[in-house]
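So the structure is just underneath, and the comments pick up after that.
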Protein chains: 2
Amino acid sequence: MHIVIVGLGLIGGSLAKAFTKYTDCHVAGIDSDPATVEAALACGAITKEGDNDDLRQADIVYLCLYPQADIDFVRAHLSAFGKHTVLTDVCGIKTKVCHGLCALAKEGGFVYCGAHPMAGTEKHGFSASRADMFKGASYILVPCSAPEPVQELLRQTAFQLGFGRSVSTTPEHHDQLIAFTSQLPHALACAYVMSPCCPEHRGFSAGSYRDVSRVANINEVMWAELFLDNQTALTGELNTLIKNLSDIRDAVADGDQKRLEALLRRGRLIKEELGE
Amino acid sequence: MHIVIVGLGLIGGSLAKAFTKYTDCHVAGIDSDPATVEAALACGAITKEGDNDDLRQADIVYLCLYPQADIDFVRAHLSAFGKHTVLTDVCGIKTKVCHGLCALAKEGGFVYCGAHPMAGTEKHGFSASRADMFKGASYILVPCSAPEPVQELLRQTAFQLGFGRSVSTTPEHHDQLIAFTSQLPHALACAYVMSPCCPEHRGFSAGSYRDVSRVANINEVMWAELFLDNQTALTGELNTLIKNLSDIRDAVADGDQKRLEALLRRGRLIKEELGE
C-alpha cells in the first residue's frame with residue numbers, strides 16, 4: 001500500500017516508524033518543518049517526502065496535525081486527493097474534525113473515516129516518536145458514514161502497527177469520553193503542579209505524585225485547541241470533578257470521618273468494579 | 001541486630017522481607033491477625049512471632065500500624081521496651097504521631113525517631129508486600145529530638161534495605177508536603193473515578209486515565225484517618241487545587257484561548273523547571 005502521513009510529530013512520526021518497521025508499505029511523509037522531514041528520511045521512517053503525486057496515489061492518508069490544521073490542509077489540497085484514497089486522522093477530538101473532513105471528503109469525492117489512536121507520551125515531536133508507540137493500545141474508529149470495508153481496512157492496518165484493540169463510536173460519544181479519560185487528566189496535571197508545595201516535592205514524593213503530575217509537561221497550544229474544540233463536555237467533566245473534590249474537602253474540613261470514609265469507599269468500589 | 005516489626009501489612013511486611021533478604025538481622029513480627037503471622041513465618045519473612053522479650057531485646061522496633069494504633073500499641077507495651085531500643089514508625093502523617101510517641105518514649109526511657117518510607121502501591125496487606133518495595137525510594141526522617149547517632153543508624157539501615165535517598169525535616173513540614181505529594185493524589189483519584197463516564201472508559205483510555213485513577217483502589221479506613229490527622233494542610237491543598245481547576249474550567253467555559261494557553265503554560269513551565 002501507499003501511505004501518506006501529514007505531520008511528523010509524536011503520533012505521525014510514530015505511525016511512520018511503525019509502518020516502516022512492521023509492514024512493507026511505501027511511506028511518504030509531509031511536514032512544514034524541513035528539518036523534521038530530513039530527520040525522518042535519515043532514520044528511514046519515511047521513504048520520501050510526500051507531494052501531490054503521493055496524495056493522488058495514496059491508499060491511506062493519515063492527517064496528524066492539530067484539528068483546524070488538518071481541515072485546512074485537506075481544503076488546500078482537495079484536488080490532489082485520489083478518488084480511491086481513504087482519508088483518516090488521529091485527532092484527540094472528533095465532532096468538529098469529523099464534521100469538517102466529512103464535508104470536504106464529500107466535496108472531493110473520496111472517503112473519510114475518523115480515528116483516534118489512544119497512545120502518546122508526555123513528550124512531543126518527531127524526536128520522541130517510536131515504532132512501538134501503539135503496542136497494545138486502543139484504536140478508536142469514528143466512521144461517520146464510511147463503508148464497512150474502509151473501516152475494516154483501517155482496523156486491520158492498525159493491528160499490523162501493534163494496536164491491541166479497536167472500538168467504534170460516534171463523534172459525540174467519543175468527545176464525551178475523551179473529556180474524562182484524557183483531557184481532564186491533562187487539565188488536572190497542570191492545576192496540580194501549581195501548588196506552592198510543588199517545587200519542594202523531591203525526597204517527599206513517590207508514585208502518586210509522579211503519576212498525577214506526569215502530563216503537566218503539556219504542549220499548551222495543541223491542548224488549548226483540543227480543550228476548546230470540546231468545550232461543553234470538558235466543562236462538564238471539570239465541574240463534576242470540582243464538585244466531587246469539594247465533597248471530600250468538606251468532609252475533611254468538618255472532621256467527619258464517616259462521611260469521608262463513605263466518599264473514599266465509593267471511589268474504591270468503582271475502581272474495584274472495573275477490576276483494575 | 002534484633003528487629004521487631006509491629007504490623008505486617010504492605011509496609012511492615014515489605015520491611016520484614018527486605019530485612020530478611022538484604023541483611024542478617026533477626027526479625028520478629030507482631031500482627032493481630034494470626035493468619036498473617038503464619039504467612040510471614042511460612043515464607044521466611046520473619047524468624048519468629050514477636051513477644052515482650054523481643055521488644056526488650058530489640059535494637060530497632062518499627063511500628064507499622066495506623067497512626068492511633070501505633071500510639072496505643074506503645075502505651076500498652078511501655079514497660080516491655082528495652083532502654084537501648086530505638087523506636088521508629090512508618091506513618092504517613094507525623095505531627096500527631098511524633099507528638100504522641102515522643103512523649104511515650106520519654107516516659108519509657110528509650111529513644112523515638114519518626115520516619116516515613118516514601119513507598120507503597122495501590123494494593124494492601126501482607127500478600128502485596130515485597131522485599132524490593134523500597135528500591136530507590138526516599139526515606140524521610142523526622143528526628144524530633146533523637147540524637148544524631150540514632151538518626152544515622154536508621155538511615156544506614158534504610159540504605160541496606162534498598163532506599164536510594166534520605167531527607168530530614170520537622171513533623172509540620174513533612175505533613176504540609178505530604179498533603180500535596182501523597183494525600184491529594186489519593187483524594188483526587190477517588191473524586192476522578194466518580195465521573196459517570198468512568199465505567200465506560202475501556203477502549204477510550206490510555207496512560208493518563210490509568211495514572212490518575214490508579215490509587216482510587218484505596219484503603220478508606222486508613223486514609224480517612226491519615227486525612228483527618230492532617231486536616232489543615234490537606235484542606236489547604238484541596239482548596240488550592242479546586243481554585244486552579246476552577247481557573248482552567250472558567251477559561252474553557254469562556255472559550256478564552258489565550259487565558260487557557262497561559263494557564264497550561266504555567267503548569268508546563270513548573271514541570272520543566274523541575275527537570276522532569
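Each chain of the C-alpha cells is named A, B, ... in the order shown, its residues numbered from 1; ligands are numbered from 1 in display order.
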Fewer than 2 positions away in the same chain doesn't count, so skip those; otherwise give me all residues within 9 Å of region 170-176 of chain B, counting only C-alpha atoms, as JSON, numbers by chain. {"A": [197, 204], "B": [92, 93, 94, 95, 96, 97, 98, 99, 114, 140, 141, 142, 143, 144, 168, 178, 179, 180, 230, 232, 233, 234, 237]}
Prev. selection, N, CA, C and O atoms, output as a JSON list (two decimals), in the first residue's frame:
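Final file, out-v1.json:
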```
[["chain", "number", "residue", "atom", "x", "y", "z"],
["A", 197, "CYS", "N", 3.63, 24.02, 47.06],
["A", 197, "CYS", "CA", 4.49, 22.95, 47.59],
["A", 197, "CYS", "C", 5.28, 22.24, 46.50],
["A", 197, "CYS", "O", 6.27, 21.55, 46.78],
["A", 204, "PHE", "N", 10.18, 13.92, 49.07],
["A", 204, "PHE", "CA", 8.91, 13.76, 49.78],
["A", 204, "PHE", "C", 7.83, 13.16, 48.88],
["A", 204, "PHE", "O", 6.65, 13.22, 49.21],
["B", 92, "GLY", "N", 2.25, 7.82, 57.55],
["B", 92, "GLY", "CA", 2.16, 8.83, 56.50],
["B", 92, "GLY", "C", 1.87, 10.23, 57.02],
["B", 92, "GLY", "O", 1.91, 11.18, 56.24],
["B", 93, "ILE", "N", 1.57, 10.38, 58.29],
["B", 93, "ILE", "CA", 1.48, 11.71, 58.89],
["B", 93, "ILE", "C", 2.36, 11.70, 60.13],
["B", 93, "ILE", "O", 2.56, 10.65, 60.75],
["B", 94, "LYS", "N", 2.90, 12.86, 60.48],
["B", 94, "LYS", "CA", 3.92, 12.86, 61.52],
["B", 94, "LYS", "C", 3.62, 13.75, 62.72],
["B", 94, "LYS", "O", 4.03, 13.41, 63.83],
["B", 95, "THR", "N", 2.93, 14.85, 62.57],
["B", 95, "THR", "CA", 2.76, 15.77, 63.70],
["B", 95, "THR", "C", 2.13, 15.06, 64.89],
["B", 95, "THR", "O", 2.69, 15.04, 65.99],
["B", 96, "LYS", "N", 0.97, 14.45, 64.64],
["B", 96, "LYS", "CA", 0.27, 13.77, 65.73],
["B", 96, "LYS", "C", 1.06, 12.57, 66.25],
["B", 96, "LYS", "O", 1.19, 12.37, 67.46],
["B", 97, "VAL", "N", 1.59, 11.76, 65.35],
["B", 97, "VAL", "CA", 2.29, 10.54, 65.74],
["B", 97, "VAL", "C", 3.57, 10.87, 66.49],
["B", 97, "VAL", "O", 3.87, 10.27, 67.53],
["B", 98, "CYS", "N", 4.35, 11.84, 65.99],
["B", 98, "CYS", "CA", 5.61, 12.20, 66.67],
["B", 98, "CYS", "C", 5.34, 12.77, 68.05],
["B", 98, "CYS", "O", 6.04, 12.45, 69.01],
["B", 99, "HIS", "N", 4.31, 13.60, 68.14],
["B", 99, "HIS", "CA", 3.95, 14.19, 69.42],
["B", 99, "HIS", "C", 3.63, 13.08, 70.42],
["B", 99, "HIS", "O", 4.17, 13.03, 71.53],
["B", 114, "GLY", "N", 11.04, 9.51, 64.41],
["B", 114, "GLY", "CA", 10.00, 9.28, 63.40],
["B", 114, "GLY", "C", 10.57, 9.09, 62.00],
["B", 114, "GLY", "O", 11.66, 9.57, 61.69],
["B", 140, "ILE", "N", 12.19, 9.36, 54.60],
["B", 140, "ILE", "CA", 12.08, 10.65, 55.28],
["B", 140, "ILE", "C", 12.27, 10.42, 56.77],
["B", 140, "ILE", "O", 11.55, 9.63, 57.38],
["B", 141, "LEU", "N", 13.24, 11.14, 57.35],
["B", 141, "LEU", "CA", 13.44, 11.07, 58.80],
["B", 141, "LEU", "C", 12.83, 12.31, 59.43],
["B", 141, "LEU", "O", 13.00, 13.43, 58.93],
["B", 142, "VAL", "N", 12.11, 12.09, 60.54],
["B", 142, "VAL", "CA", 11.53, 13.19, 61.29],
["B", 142, "VAL", "C", 12.03, 13.02, 62.72],
["B", 142, "VAL", "O", 11.36, 12.46, 63.58],
["B", 143, "PRO", "N", 13.27, 13.49, 62.97],
["B", 143, "PRO", "CA", 14.00, 13.09, 64.18],
["B", 143, "PRO", "C", 13.44, 13.66, 65.49],
["B", 143, "PRO", "O", 13.69, 13.10, 66.54],
["B", 144, "CYS", "N", 12.69, 14.76, 65.40],
["B", 144, "CYS", "CA", 12.27, 15.42, 66.64],
["B", 144, "CYS", "C", 13.55, 15.64, 67.46],
["B", 144, "CYS", "O", 14.45, 16.31, 66.99],
["B", 168, "SER", "N", 15.68, 14.83, 55.93],
["B", 168, "SER", "CA", 15.23, 15.04, 57.31],
["B", 168, "SER", "C", 14.42, 16.31, 57.40],
["B", 168, "SER", "O", 14.75, 17.31, 56.74],
["B", 178, "ILE", "N", 3.45, 16.29, 52.42],
["B", 178, "ILE", "CA", 2.77, 15.02, 52.16],
["B", 178, "ILE", "C", 1.30, 15.25, 51.79],
["B", 178, "ILE", "O", 0.72, 14.48, 51.02],
["B", 179, "ALA", "N", 0.70, 16.32, 52.32],
["B", 179, "ALA", "CA", -0.67, 16.65, 51.92],
["B", 179, "ALA", "C", -0.71, 16.84, 50.41],
["B", 179, "ALA", "O", -1.66, 16.42, 49.74],
["B", 180, "PHE", "N", 0.33, 17.46, 49.86],
["B", 180, "PHE", "CA", 0.40, 17.70, 48.41],
["B", 180, "PHE", "C", 0.85, 16.46, 47.63],
["B", 180, "PHE", "O", 0.22, 16.06, 46.66],
["B", 230, "ASN", "N", -4.35, 15.20, 59.33],
["B", 230, "ASN", "CA", -3.61, 16.25, 58.61],
["B", 230, "ASN", "C", -4.61, 17.24, 58.00],
["B", 230, "ASN", "O", -4.43, 17.74, 56.89],
["B", 232, "THR", "N", -5.70, 20.38, 58.41],
["B", 232, "THR", "CA", -5.46, 21.76, 57.97],
["B", 232, "THR", "C", -4.67, 21.80, 56.66],
["B", 232, "THR", "O", -5.07, 22.47, 55.70],
["B", 233, "ALA", "N", -3.56, 21.04, 56.62],
["B", 233, "ALA", "CA", -2.74, 21.06, 55.42],
["B", 233, "ALA", "C", -3.50, 20.49, 54.22],
["B", 233, "ALA", "O", -3.45, 21.05, 53.12],
["B", 234, "LEU", "N", -4.23, 19.40, 54.43],
["B", 234, "LEU", "CA", -4.93, 18.78, 53.31],
["B", 234, "LEU", "C", -6.08, 19.66, 52.82],
["B", 234, "LEU", "O", -6.29, 19.79, 51.61],
["B", 237, "GLU", "N", -4.53, 22.22, 50.63],
["B", 237, "GLU", "CA", -4.14, 21.72, 49.30],
["B", 237, "GLU", "C", -5.37, 21.46, 48.42],
["B", 237, "GLU", "O", -5.35, 21.72, 47.22]]
```
Go through region 30-256 of chain A and collect every residue that DSSP, computed from the backbone, puts in helix (DSSP H, G or I); the answer should be as a count of residues only. 126
Counting only C-alpha atoms, which of A:Ala69, A:Ile46, A:Ala119, A:Val74 gets nearest to chain B?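 Between A:Ala69, A:Ile46, A:Ala119, A:Val74, the residue approaching chain B most closely is A:Ala119.
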Near region 50-54 of chain B, counting only C-alpha atoms, which residues have an atom at most 7 Å away, once you skip same-chain residues fewer than 4 positions from it, shown as a PDB file with N, CA, C and O atoms, in the first residue's frame?
```
ATOM      1  N   VAL B   4      12.203  -5.721  65.551  1.00  0.00           N
ATOM      2  CA  VAL B   4      10.801  -6.123  65.725  1.00  0.00           C
ATOM      3  C   VAL B   4       9.952  -5.249  64.810  1.00  0.00           C
ATOM      4  O   VAL B   4      10.110  -4.017  64.782  1.00  0.00           O
ATOM      5  N   ALA B  28      11.683 -10.333  64.224  1.00  0.00           N
ATOM      6  CA  ALA B  28      10.458 -10.830  64.849  1.00  0.00           C
ATOM      7  C   ALA B  28       9.289  -9.956  64.388  1.00  0.00           C
ATOM      8  O   ALA B  28       9.437  -8.744  64.223  1.00  0.00           O
ATOM      9  N   GLY B  29       8.143 -10.585  64.156  1.00  0.00           N
ATOM     10  CA  GLY B  29       6.975  -9.851  63.649  1.00  0.00           C
ATOM     11  C   GLY B  29       5.778 -10.007  64.556  1.00  0.00           C
ATOM     12  O   GLY B  29       5.547 -11.086  65.114  1.00  0.00           O
ATOM     13  N   ILE B  30       5.028  -8.908  64.694  1.00  0.00           N
ATOM     14  CA  ILE B  30       3.817  -8.926  65.522  1.00  0.00           C
ATOM     15  C   ILE B  30       2.654  -8.490  64.642  1.00  0.00           C
ATOM     16  O   ILE B  30       2.753  -7.499  63.913  1.00  0.00           O
ATOM     17  N   ALA B  58      15.101  -5.757  71.403  1.00  0.00           N
ATOM     18  CA  ALA B  58      15.170  -5.162  70.054  1.00  0.00           C
ATOM     19  C   ALA B  58      16.140  -3.986  69.987  1.00  0.00           C
ATOM     20  O   ALA B  58      16.175  -3.140  70.880  1.00  0.00           O
ATOM     21  N   ALA B  80       7.609  -2.942  78.386  1.00  0.00           N
ATOM     22  CA  ALA B  80       8.327  -4.029  77.713  1.00  0.00           C
ATOM     23  C   ALA B  80       9.530  -3.534  76.917  1.00  0.00           C
ATOM     24  O   ALA B  80      10.481  -4.291  76.684  1.00  0.00           O
TER      25      ALA B  80
END
```
Find the residues near Ala191 (chain A): any atom within 7 Å, counting only C-alpha atoms, skip ones fewer than 5 places away on the same chain, and give them as a list in words. Leu241, Asn244, Leu245 and Gly267 of chain B
Just write the chosen residues, N, CA, C and O atoms, as a PDB file, in the first residue's frame.
```
ATOM      1  N   LEU B 241      -6.087  23.267  44.826  1.00  0.00           N
ATOM      2  CA  LEU B 241      -6.352  22.515  43.597  1.00  0.00           C
ATOM      3  C   LEU B 241      -7.707  22.890  42.997  1.00  0.00           C
ATOM      4  O   LEU B 241      -7.833  23.078  41.779  1.00  0.00           O
ATOM      5  N   ASN B 244      -7.360  26.201  41.258  1.00  0.00           N
ATOM      6  CA  ASN B 244      -6.635  26.128  39.991  1.00  0.00           C
ATOM      7  C   ASN B 244      -7.441  25.417  38.910  1.00  0.00           C
ATOM      8  O   ASN B 244      -7.402  25.809  37.740  1.00  0.00           O
ATOM      9  N   LEU B 245      -8.175  24.372  39.310  1.00  0.00           N
ATOM     10  CA  LEU B 245      -9.053  23.692  38.351  1.00  0.00           C
ATOM     11  C   LEU B 245     -10.180  24.626  37.912  1.00  0.00           C
ATOM     12  O   LEU B 245     -10.589  24.615  36.742  1.00  0.00           O
ATOM     13  N   GLY B 267       1.614  25.501  34.043  1.00  0.00           N
ATOM     14  CA  GLY B 267       1.841  24.126  34.505  1.00  0.00           C
ATOM     15  C   GLY B 267       3.077  23.524  33.860  1.00  0.00           C
ATOM     16  O   GLY B 267       3.931  22.952  34.540  1.00  0.00           O
TER      17      GLY B 267
END
```
Shell around Tyr66 (chain A) at 9 Å using only C-alpha atoms, local window under 6 positions removed, as a PyMOL selection string: chain A and resi 7+91-92+222+225-226
Dump as a PDB file, in the first residue's frame, selection limited to all heavy atoms:
```
ATOM      1  N   GLY A   7       2.226  15.476   8.771  1.00  0.00           N
ATOM      2  CA  GLY A   7       2.568  15.922  10.123  1.00  0.00           C
ATOM      3  C   GLY A   7       3.370  14.854  10.838  1.00  0.00           C
ATOM      4  O   GLY A   7       2.824  13.843  11.258  1.00  0.00           O
ATOM      5  N   CYS A  91      -6.813  12.871  15.410  1.00  0.00           N
ATOM      6  CA  CYS A  91      -7.137  13.955  16.348  1.00  0.00           C
ATOM      7  C   CYS A  91      -7.771  13.462  17.645  1.00  0.00           C
ATOM      8  O   CYS A  91      -8.587  12.549  17.644  1.00  0.00           O
ATOM      9  CB  CYS A  91      -8.112  14.925  15.708  1.00  0.00           C
ATOM     10  SG  CYS A  91      -7.255  16.338  15.033  1.00  0.00           S
ATOM     11  N   GLY A  92      -7.444  14.156  18.715  1.00  0.00           N
ATOM     12  CA  GLY A  92      -7.971  13.841  20.025  1.00  0.00           C
ATOM     13  C   GLY A  92      -9.392  14.319  20.253  1.00  0.00           C
ATOM     14  O   GLY A  92      -9.999  13.983  21.274  1.00  0.00           O
ATOM     15  N   MET A 222      -1.437  23.061  21.436  1.00  0.00           N
ATOM     16  CA  MET A 222      -2.282  21.977  20.926  1.00  0.00           C
ATOM     17  C   MET A 222      -3.424  21.663  21.897  1.00  0.00           C
ATOM     18  O   MET A 222      -4.582  21.539  21.496  1.00  0.00           O
ATOM     19  CB  MET A 222      -1.455  20.713  20.702  1.00  0.00           C
ATOM     20  CG  MET A 222      -2.294  19.554  20.174  1.00  0.00           C
ATOM     21  SD  MET A 222      -1.341  18.040  19.861  1.00  0.00           S
ATOM     22  CE  MET A 222      -1.283  17.294  21.499  1.00  0.00           C
ATOM     23  N   GLU A 225      -6.289  24.148  22.030  1.00  0.00           N
ATOM     24  CA  GLU A 225      -7.183  23.961  20.874  1.00  0.00           C
ATOM     25  C   GLU A 225      -8.096  22.752  21.091  1.00  0.00           C
ATOM     26  O   GLU A 225      -9.307  22.815  20.859  1.00  0.00           O
ATOM     27  CB  GLU A 225      -6.360  23.811  19.586  1.00  0.00           C
ATOM     28  CG  GLU A 225      -7.240  23.672  18.343  1.00  0.00           C
ATOM     29  CD  GLU A 225      -6.458  23.696  17.022  1.00  0.00           C
ATOM     30  OE1 GLU A 225      -5.299  24.157  16.996  1.00  0.00           O
ATOM     31  OE2 GLU A 225      -7.047  23.251  16.007  1.00  0.00           O
ATOM     32  N   LEU A 226      -7.511  21.637  21.551  1.00  0.00           N
ATOM     33  CA  LEU A 226      -8.325  20.430  21.789  1.00  0.00           C
ATOM     34  C   LEU A 226      -9.382  20.688  22.866  1.00  0.00           C
ATOM     35  O   LEU A 226     -10.530  20.246  22.744  1.00  0.00           O
ATOM     36  CB  LEU A 226      -7.424  19.262  22.225  1.00  0.00           C
ATOM     37  CG  LEU A 226      -6.488  18.680  21.153  1.00  0.00           C
ATOM     38  CD1 LEU A 226      -5.477  17.726  21.788  1.00  0.00           C
ATOM     39  CD2 LEU A 226      -7.283  17.952  20.065  1.00  0.00           C
TER      40      LEU A 226
END
```
